[in-house]
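Q: Right, I'll just put the structure down here and ask away after.
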Amino acid sequence: EKHDCPYMSDRTLTLLLATGATFVCASLVARVRSRAARRLTMSGAAEPAVRWALDDDARTAASADQAHILAQAWGSDPEIGVFGGTLCAVPFVRTTTDGLVMHGSLAYCNGGGLREGSPRPGVCLVHTAVGPQDLYLRWRAHALATRGYVVLIADLLGDPHGDGWEPAWCGPRREVYTGEGRPLLQRRTREALQQLAESPLVDASTRRAARAV
């Protein structure tokens with residue numbers, strides 16, 4: 001079946017990470033307070049099943065124009081377009097052992113040829129320097145979910161509102177991860193992986209793989 005996770009074995013848990021000081025998954029940086037962009041319902045997704053963040057007014061793009069461009073690209077994504085199922089997205093709020101409240105998002109799809117009722121491999125997307133409230137990350141999470149993955153957009157800044165777009169806010173929070181702070185970044189990233197792996201949506205073999213990271 002086309003959507004039965006062609007990229008991973010059942011025991012694989014993929015982590016997309018940066019090699020530099022900033023967090024990487026998206027190449028396009030954006031922010032906005034456009035309600036239309038934030039509450040965008042993508043093709044095949046019922047609006048009540050899609051809520052990416054607890055704060056419906058969180059920033060997700062650099063400007064209204066960029067949000068519009070991203071929304072158009074998301075809506076015309078050919079892989080998502082041919083997928084016949086529905087998107088589910090929910091806030092994923094967890095607290096690290098050192099007290100950081102991580103405001104991530106969990107996305108997965110149903111239907112469209114995906115195997116129903118069975119756990120799936122998990123994928124963890126780590127954000128850029130601007131944080132987890134990013135329209136581009138949501139688009140990529142949706143695309144991966146159509147392939148049969150359970151996708152976590154991790155939050156390593158503790159950012160429920162999209163404040164990561166403001167340098168004065170995100171600068172100090174990113175600084176703790178530079179230099180001698182790299183072990184803190186690694187520890188929190190592993191905790192995000194573990195929290196994803198413990199989700200009942202993620203298969204047991206993936207959970208074992210996550211503990212081995």
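Starting from 1 in every chain, residues are counted up; chains themselves are A, B, ... following the order of the structure tokens, and ligands are numbered from 1 as listed.
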Per DSSP on the backbone, filter range 103-210 of chain A down to the residues in alpha helix (DSSP H) and report them as a ChimeraX atom specification.
A: /A:135-146,167-175,182-197,204-210
Q: So that I can check the surroundings of Ser105 in chain A, please list as a PyMOL selection string every protein, DNA and RNA residue that reaches within 9 Å of it, counting only C-alpha atoms and ignoring chain neighbours fewer than 2 positions away.
A: chain A and resi 51-53+89-93+103+107+132-133+138+151-155
Q: The selected residues should be written to file as a tab-separated table (two decimals), in the first residue's frame (atoms: N, CA, C and O atoms).
A:
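Output saved as result.tsv:
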```tsv
chain	number	residue	atom	x	y	z
A	51	ARG	N	-6.10	20.63	15.97
A	51	ARG	CA	-5.76	21.77	16.83
A	51	ARG	C	-4.29	21.62	17.20
A	51	ARG	O	-3.92	20.81	18.03
A	52	TRP	N	-3.46	22.42	16.57
A	52	TRP	CA	-2.02	22.25	16.71
A	52	TRP	C	-1.48	22.74	18.05
A	52	TRP	O	-0.46	22.26	18.53
A	53	ALA	N	-2.11	23.74	18.64
A	53	ALA	CA	-1.60	24.33	19.88
A	53	ALA	C	-2.75	24.72	20.79
A	53	ALA	O	-3.88	24.93	20.34
A	89	ALA	N	-4.53	16.38	14.57
A	89	ALA	CA	-3.43	17.07	15.23
A	89	ALA	C	-3.90	17.58	16.58
A	89	ALA	O	-5.00	18.12	16.69
A	90	VAL	N	-3.07	17.38	17.60
A	90	VAL	CA	-3.43	17.78	18.96
A	90	VAL	C	-2.22	18.40	19.65
A	90	VAL	O	-1.07	18.07	19.32
A	91	PRO	N	-2.44	19.30	20.60
A	91	PRO	CA	-1.32	19.81	21.39
A	91	PRO	C	-0.68	18.67	22.18
A	91	PRO	O	-1.36	17.76	22.65
A	92	PHE	N	0.63	18.72	22.33
A	92	PHE	CA	1.38	17.69	23.04
A	92	PHE	C	2.22	18.39	24.10
A	92	PHE	O	3.33	18.83	23.83
A	93	VAL	N	1.66	18.54	25.29
A	93	VAL	CA	2.30	19.31	26.35
A	93	VAL	C	2.90	18.35	27.37
A	93	VAL	O	2.18	17.54	27.97
A	103	HIS	N	5.66	22.67	24.70
A	103	HIS	CA	4.37	22.80	24.03
A	103	HIS	C	4.52	22.35	22.58
A	103	HIS	O	4.59	23.17	21.66
A	107	ALA	N	0.80	14.83	15.41
A	107	ALA	CA	-0.03	14.70	14.21
A	107	ALA	C	0.01	13.28	13.68
A	107	ALA	O	1.05	12.62	13.72
A	132	PRO	N	8.63	26.08	17.95
A	132	PRO	CA	7.76	25.04	17.40
A	132	PRO	C	6.48	25.56	16.73
A	132	PRO	O	5.85	24.83	16.00
A	133	GLN	N	6.10	26.80	17.01
A	133	GLN	CA	4.84	27.32	16.44
A	133	GLN	C	5.14	27.88	15.04
A	133	GLN	O	5.33	29.08	14.85
A	138	ARG	N	4.17	22.47	10.58
A	138	ARG	CA	2.87	21.79	10.57
A	138	ARG	C	2.60	21.17	9.20
A	138	ARG	O	2.05	20.06	9.10
A	151	VAL	N	3.74	11.92	14.13
A	151	VAL	CA	4.75	12.96	14.06
A	151	VAL	C	4.65	13.90	15.25
A	151	VAL	O	3.58	14.46	15.52
A	152	LEU	N	5.75	14.05	15.96
A	152	LEU	CA	5.83	15.01	17.05
A	152	LEU	C	6.64	16.22	16.60
A	152	LEU	O	7.78	16.08	16.16
A	153	ILE	N	6.05	17.40	16.69
A	153	ILE	CA	6.82	18.64	16.58
A	153	ILE	C	7.27	18.96	17.99
A	153	ILE	O	6.47	19.35	18.84
A	154	ALA	N	8.54	18.75	18.26
A	154	ALA	CA	9.06	18.95	19.61
A	154	ALA	C	9.21	20.44	19.91
A	154	ALA	O	9.34	21.27	19.01
A	155	ASP	N	9.20	20.76	21.19
A	155	ASP	CA	9.39	22.14	21.65
A	155	ASP	C	10.53	22.16	22.65
A	155	ASP	O	10.38	21.69	23.77
```
Q: Show me, as a PyMOL selection string, the residues that have an atom within 6 Å of Cys109 in chain A when counting only C-alpha atoms, minus same-chain residues fewer than 2 positions from it.
A: chain A and resi 86-88+145-146
Q: Those residues you just picked out, can you put them in a file as a PDB file, in the first residue's frame with N, CA and C atoms?
A:
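Printed below is again_27.pdb as written:
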```
ATOM      1  N   THR A  86      -7.806  11.507   6.592  1.00  0.00           N
ATOM      2  CA  THR A  86      -7.980  12.730   7.369  1.00  0.00           C
ATOM      3  C   THR A  86      -6.802  12.952   8.303  1.00  0.00           C
ATOM      4  N   LEU A  87      -6.520  14.217   8.553  1.00  0.00           N
ATOM      5  CA  LEU A  87      -5.452  14.614   9.469  1.00  0.00           C
ATOM      6  C   LEU A  87      -6.008  14.816  10.871  1.00  0.00           C
ATOM      7  N   CYS A  88      -5.293  14.334  11.869  1.00  0.00           N
ATOM      8  CA  CYS A  88      -5.576  14.616  13.272  1.00  0.00           C
ATOM      9  C   CYS A  88      -4.342  15.289  13.862  1.00  0.00           C
ATOM     10  N   ALA A 145       2.648  12.511   8.101  1.00  0.00           N
ATOM     11  CA  ALA A 145       1.534  11.740   8.667  1.00  0.00           C
ATOM     12  C   ALA A 145       0.776  10.987   7.584  1.00  0.00           C
ATOM     13  N   THR A 146       0.697  11.555   6.367  1.00  0.00           N
ATOM     14  CA  THR A 146       0.004  10.840   5.290  1.00  0.00           C
ATOM     15  C   THR A 146       0.747   9.569   4.900  1.00  0.00           C
TER      16      THR A 146
END
```
Q: Find, counting only C-alpha atoms, the residue in A:Gly158, A:Gly81, A:Pro119, A:Gly113 that gets nearest to Thr95 in chain A.
A: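 Once distances to Thr95 in chain A are computed over only C-alpha atoms, the minimum belongs to A:Gly158.
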Q: Would you mind reading off the distance between CA of Ala73 in chain A and CA of Val50 in chain A, one decimal, in Å?
A: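 Between these atoms lies a distance of 18.4 Å.
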Q: Might you pull out every residue within 12 Å of range 162-167 of chain A, with only C-alpha atoms counted and same-chain residues fewer than 3 positions away left off, and present them as a PyMOL selection string?
A: chain A and resi 22-23+29-33+38+52-63+103-104+127-135+155-159+170-175
Q: Print the selection's residues with C-alpha atoms to a file, as a PDB file, in the first residue's frame.
A:
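Written file, selection-v5.pdb:
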```pdb
ATOM      1  CA  THR A  22      19.894  26.592  15.967  1.00  0.00           C
ATOM      2  CA  PHE A  23      17.246  23.919  15.680  1.00  0.00           C
ATOM      3  CA  VAL A  29      11.269  31.069   8.615  1.00  0.00           C
ATOM      4  CA  ALA A  30       7.901  32.656   9.167  1.00  0.00           C
ATOM      5  CA  ARG A  31       5.570  34.315  11.669  1.00  0.00           C
ATOM      6  CA  VAL A  32       2.085  35.767  11.749  1.00  0.00           C
ATOM      7  CA  ARG A  33      -0.988  36.379  13.836  1.00  0.00           C
ATOM      8  CA  ARG A  38      -3.415  29.507  12.160  1.00  0.00           C
ATOM      9  CA  TRP A  52      -2.015  22.250  16.713  1.00  0.00           C
ATOM     10  CA  ALA A  53      -1.596  24.334  19.875  1.00  0.00           C
ATOM     11  CA  LEU A  54      -3.462  25.266  23.032  1.00  0.00           C
ATOM     12  CA  ASP A  55      -3.135  28.896  21.993  1.00  0.00           C
ATOM     13  CA  ASP A  56      -5.174  29.403  18.827  1.00  0.00           C
ATOM     14  CA  ASP A  57      -3.547  32.824  18.446  1.00  0.00           C
ATOM     15  CA  ALA A  58       0.052  31.580  18.513  1.00  0.00           C
ATOM     16  CA  ARG A  59       2.314  33.073  15.870  1.00  0.00           C
ATOM     17  CA  THR A  60       3.101  30.717  13.038  1.00  0.00           C
ATOM     18  CA  ALA A  61       4.671  32.829  10.265  1.00  0.00           C
ATOM     19  CA  ALA A  62       6.773  35.931   9.678  1.00  0.00           C
ATOM     20  CA  SER A  63       4.033  37.932   8.010  1.00  0.00           C
ATOM     21  CA  HIS A 103       4.370  22.801  24.030  1.00  0.00           C
ATOM     22  CA  GLY A 104       4.676  20.494  21.049  1.00  0.00           C
ATOM     23  CA  HIS A 127      12.227  23.232  15.194  1.00  0.00           C
ATOM     24  CA  THR A 128      14.421  26.056  13.925  1.00  0.00           C
ATOM     25  CA  ALA A 129      15.613  28.941  16.099  1.00  0.00           C
ATOM     26  CA  VAL A 130      12.125  30.474  16.063  1.00  0.00           C
ATOM     27  CA  GLY A 131      10.511  27.615  17.932  1.00  0.00           C
ATOM     28  CA  PRO A 132       7.760  25.045  17.401  1.00  0.00           C
ATOM     29  CA  GLN A 133       4.844  27.319  16.436  1.00  0.00           C
ATOM     30  CA  ASP A 134       5.683  27.307  12.748  1.00  0.00           C
ATOM     31  CA  LEU A 135       3.268  26.856   9.854  1.00  0.00           C
ATOM     32  CA  ASP A 155       9.386  22.138  21.652  1.00  0.00           C
ATOM     33  CA  LEU A 156      12.818  22.787  23.141  1.00  0.00           C
ATOM     34  CA  LEU A 157      12.135  26.431  24.029  1.00  0.00           C
ATOM     35  CA  GLY A 158       8.973  26.098  26.107  1.00  0.00           C
ATOM     36  CA  ASP A 159       6.975  28.253  23.690  1.00  0.00           C
ATOM     37  CA  CYS A 170      14.073  33.511  22.162  1.00  0.00           C
ATOM     38  CA  GLY A 171      17.673  34.747  22.411  1.00  0.00           C
ATOM     39  CA  PRO A 172      18.231  33.836  26.073  1.00  0.00           C
ATOM     40  CA  ARG A 173      16.389  30.531  25.657  1.00  0.00           C
ATOM     41  CA  ARG A 174      18.562  29.523  22.720  1.00  0.00           C
ATOM     42  CA  GLU A 175      21.726  30.687  24.458  1.00  0.00           C
TER      43      GLU A 175
END
```
Q: To one decimal place, how far is CA of Val176 in chain A from CA of Leu100 in chain A in Å?
A: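 That distance, rounded to one decimal, is 12.5 Å.
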Q: Could you jot down the CA of Ser199 in chain A to CA of Asp77 in chain A separation for me, Å, one decimal place?
A: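 Between CA of Ser199 in chain A and CA of Asp77 in chain A the gap is 27.9 Å.
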